[in-house]
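Everything below concerns the one structure shown next.
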Amino acid sequence: MTGDYVLEGLAVPESLNLLHDLLERVGREQPDLDRRDLMMFETAVIEVAGNVVEHGRPPGDVVWTFRLSVLPDRLEGVLSDSGEKYPGGTWGTAMPSDLLQEDGRGLALATAVLDSLEYERAAAANHWTMLRRRS
Amino acid sequence: MTVEAQQEPYGRHRGDARPGLFRRPDVLHQTPAYVDPGGAALMTETRTAVLQPTGRLNMVASPAFKNLVEETVASGQTRIVVDLGQVTFIDSSGLGALISALKATRQAGGDLRIADVPDQVMSVLRLTNLDRVLRVHPTVVDASRDW
């Protein structure tokens, strides 16, 4: 079973719960989608979206659109936001060396649960493309 | 008509003011009473609190959780068990809140343990290596013993 989903909104913390709600709906409507695939994909989406909420400029004025495609072989999500160009550098799966550090894990965690995470600046927007192959 | 005494259910910090976040009064752990070596005073050690966040421990809920931990530690309960059995999802800000809580309890001479950890939380703990610093216990009862 496949399907496409779209959610638009303001990039503020409360909007994260709308993304959660959307992914819960996907779980209900896609009963053959492996629970763990969806759970890990949701983890990535929330981390990437949280990163936009935290770093998006100007704060509180950034709007985003999330598009999700449930395809036979993969889950593909694109989070596009109207904020200024993402100022961060590259990222990987490396976690903070200090285990007691309270932040700095978001994109590393997203990368760890995805097959690919790509960033692109185009048409005055940031685009985060998340892909996870289905089990 | 009888009127039952109203019990303050969550100690000093009532959880009902904070949806999705409360202390569990039923499992508040108390070590046995002991006699003060000085003689007269019978004291009860109540340093342990069980906190039970529910739902999504994400960027929205984490600040309230951190506040509750700070208030709990400030009230003298420096051994905290976090019952994660009702948490459906955690993100990196929720993890940060747990790390913050761990540090707050240790700085006050106590410690923090987590119990009844759901699949998504356990996966995230492993992926971030935080299972090395956050001690996972199968149940709240297990976590409440032998500090």
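To be explicit about the labels: the chains of the structure tokens are called A, B, and onward in the order shown, and within each one the residues are counted from 1, while ligands get numbers from 1 in the order they are shown.
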
- Task: Return as a list in words the residues belonging to chain B that are within 9 Å of chain A, counting only C-alpha atoms.
- Result: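 That gives the following set of residues: Arg56, Asn58, Met59, Val60, Phe89, Ile90, Asp91, Ser92, Ser93, Leu95, Gly96, Ala97, Leu98, Ile99, Ser100, Leu102, Lys103, Asp119, Gln120, Ser123, Val124, Leu127, Thr128, Asn129, Leu130, Arg132 and Val133 of chain B.
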
- Do you know which residues are at most 7 Å from region 143-145 of chain B counting only C-alpha atoms, after dropping those on the same chain fewer than 3 positions away, and could you put them as a PyMOL selection string? chain B and resi 29+81+113+115+137+139-140

Same residues, N, CA and C atoms, output as a CSV table (one decimal), in the first residue's frame:
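Everything below was put into selection_31.csv:
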```csv
chain,number,residue,atom,x,y,z
B,29,HIS,N,8.9,5.6,46.7
B,29,HIS,CA,9.7,4.6,47.5
B,29,HIS,C,10.2,5.3,48.8
B,81,VAL,N,13.6,8.0,40.1
B,81,VAL,CA,13.3,7.0,39.1
B,81,VAL,C,12.3,7.6,38.1
B,113,ARG,N,17.6,6.9,37.7
B,113,ARG,CA,17.4,5.7,37.0
B,113,ARG,C,16.2,5.7,36.1
B,115,ALA,N,13.2,3.4,34.1
B,115,ALA,CA,12.5,2.1,34.1
B,115,ALA,C,11.4,1.9,33.1
B,137,HIS,N,16.3,0.0,34.0
B,137,HIS,CA,15.8,-1.1,34.9
B,137,HIS,C,14.5,-1.6,34.3
B,139,THR,N,11.7,-2.6,35.7
B,139,THR,CA,10.5,-2.0,36.4
B,139,THR,C,10.8,-1.0,37.4
B,140,VAL,N,9.8,-0.2,37.7
B,140,VAL,CA,10.0,0.9,38.7
B,140,VAL,C,10.4,0.3,40.1
```

- Message: Going by DSSP on the backbone, which residues of chain A come out as alpha helix (DSSP H)? List them as a ChimeraX atom specification.
- Response: /A:13-29,35-55,106-113

- Message: Just list as a PyMOL selection string whatever in region 36-129 of chain B DSSP marks as strand (DSSP E or B).
- Response: chain B and resi 42-43+48-53+55-57+79-83+87-90+111-115

- Neighbours of Val45 (chain A) within 8 Å (only C-alpha atoms; same-chain residues fewer than 3 positions away dropped), as number ranges by chain? A: 41-42, 48-49, 77, 110, 130

Could you turn the residues from that selection into a file that holds C-alpha atoms, as an mmCIF file, in the first residue's frame?
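Dumped to selection-v5.cif:
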```
data_model
loop_
_atom_site.group_PDB
_atom_site.id
_atom_site.type_symbol
_atom_site.label_atom_id
_atom_site.label_comp_id
_atom_site.auth_asym_id
_atom_site.auth_seq_id
_atom_site.Cartn_x
_atom_site.Cartn_y
_atom_site.Cartn_z
ATOM 1 C CA PHE A 41 11.353 7.435 10.301
ATOM 2 C CA GLU A 42 9.275 9.443 12.763
ATOM 3 C CA VAL A 48 15.060 17.394 11.432
ATOM 4 C CA ALA A 49 11.954 19.451 12.181
ATOM 5 C CA GLY A 77 9.961 12.763 3.324
ATOM 6 C CA ALA A 110 18.309 11.409 12.230
ATOM 7 C CA MET A 130 14.842 11.985 4.300
#
```

- Spatial neighbours of Asn126 (chain A), max dist 10 Å, only C-alpha atoms, sep filter under 3 positions, as number ranges by chain: A: 52, 56, 64, 78-86, 119-123, 129

Write out, as a compact mmCIF listing (two decimals), in the first residue's frame, the residues just selected, with N, CA and C atoms.
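The resulting out_10.txt:
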```
# COMPACT_ATOMS: atom_id res chain seq x y z
N VAL A 52 14.99 22.64 12.60
CA VAL A 52 14.46 23.84 11.93
C VAL A 52 13.83 24.78 12.97
N GLY A 56 15.91 27.86 12.79
CA GLY A 56 15.28 28.61 11.71
C GLY A 56 15.24 30.10 12.01
N TRP A 64 6.79 25.92 7.18
CA TRP A 64 7.32 24.72 6.54
C TRP A 64 6.22 23.91 5.88
N VAL A 78 10.14 15.05 2.62
CA VAL A 78 10.86 16.30 2.34
C VAL A 78 10.26 17.39 3.22
N LEU A 79 11.11 17.98 4.05
CA LEU A 79 10.69 19.11 4.87
C LEU A 79 11.29 20.37 4.25
N SER A 80 10.42 21.26 3.76
CA SER A 80 10.88 22.50 3.13
C SER A 80 10.49 23.65 4.04
N ASP A 81 11.44 24.55 4.31
CA ASP A 81 11.11 25.68 5.18
C ASP A 81 11.57 26.99 4.56
N SER A 82 10.87 28.06 4.93
CA SER A 82 11.08 29.37 4.33
C SER A 82 12.20 30.15 5.01
N GLY A 83 12.88 29.56 5.95
CA GLY A 83 13.88 30.28 6.72
C GLY A 83 15.12 30.63 5.91
N GLU A 84 15.99 31.40 6.58
CA GLU A 84 17.26 31.74 5.96
C GLU A 84 18.07 30.46 5.76
N LYS A 85 19.07 30.55 4.92
CA LYS A 85 19.89 29.37 4.61
C LYS A 85 20.42 28.73 5.88
N TYR A 86 20.31 27.40 5.96
CA TYR A 86 20.78 26.69 7.14
C TYR A 86 22.26 26.99 7.37
N TYR A 119 20.52 17.81 2.37
CA TYR A 119 20.08 19.20 2.51
C TYR A 119 20.34 19.95 1.21
N GLU A 120 19.37 20.76 0.83
CA GLU A 120 19.55 21.57 -0.38
C GLU A 120 18.91 22.94 -0.15
N ARG A 121 19.58 23.98 -0.64
CA ARG A 121 19.01 25.32 -0.62
C ARG A 121 18.56 25.65 -2.03
N ALA A 122 17.28 25.84 -2.23
CA ALA A 122 16.77 26.11 -3.57
C ALA A 122 15.48 26.90 -3.47
N ALA A 123 15.29 27.82 -4.41
CA ALA A 123 14.07 28.62 -4.50
C ALA A 123 13.76 29.31 -3.17
N THR A 129 15.71 16.30 2.70
CA THR A 129 15.12 15.08 2.12
C THR A 129 15.57 13.87 2.93
```

- Message: Can you tell me which residues surround Met1 (chain A) at a distance of at most 9 Å, considering only C-alpha atoms, apart from same-chain residues fewer than 3 positions away, and format the answer as a PyMOL selection string?
- Response: chain A and resi 29-33+70-72

Mind writing the picked residues with C-alpha atoms as a CSV table (one decimal), in the first residue's frame?
```csv
chain,number,residue,atom,x,y,z
A,29,GLU,CA,-3.7,4.0,7.1
A,30,GLN,CA,-0.7,1.9,6.0
A,31,PRO,CA,-1.2,-1.3,8.0
A,32,ASP,CA,1.5,-3.2,6.1
A,33,LEU,CA,4.1,-0.6,6.8
A,70,VAL,CA,5.0,6.0,1.3
A,71,LEU,CA,6.4,3.9,-1.6
A,72,PRO,CA,6.6,0.2,-2.1
```

- Task: Could you tell me how far CA of Arg132 (chain A) lies from CA of Asp115 (chain A), in Å and to one decimal?
- Result: 5.0 Å

- What is the distance between CA of Asp4 (chain A) and CA of Asn51 (chain A), in Å to one decimal?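 Separating CA of Asp4 (chain A) from CA of Asn51 (chain A) is a distance of 23.5 Å.
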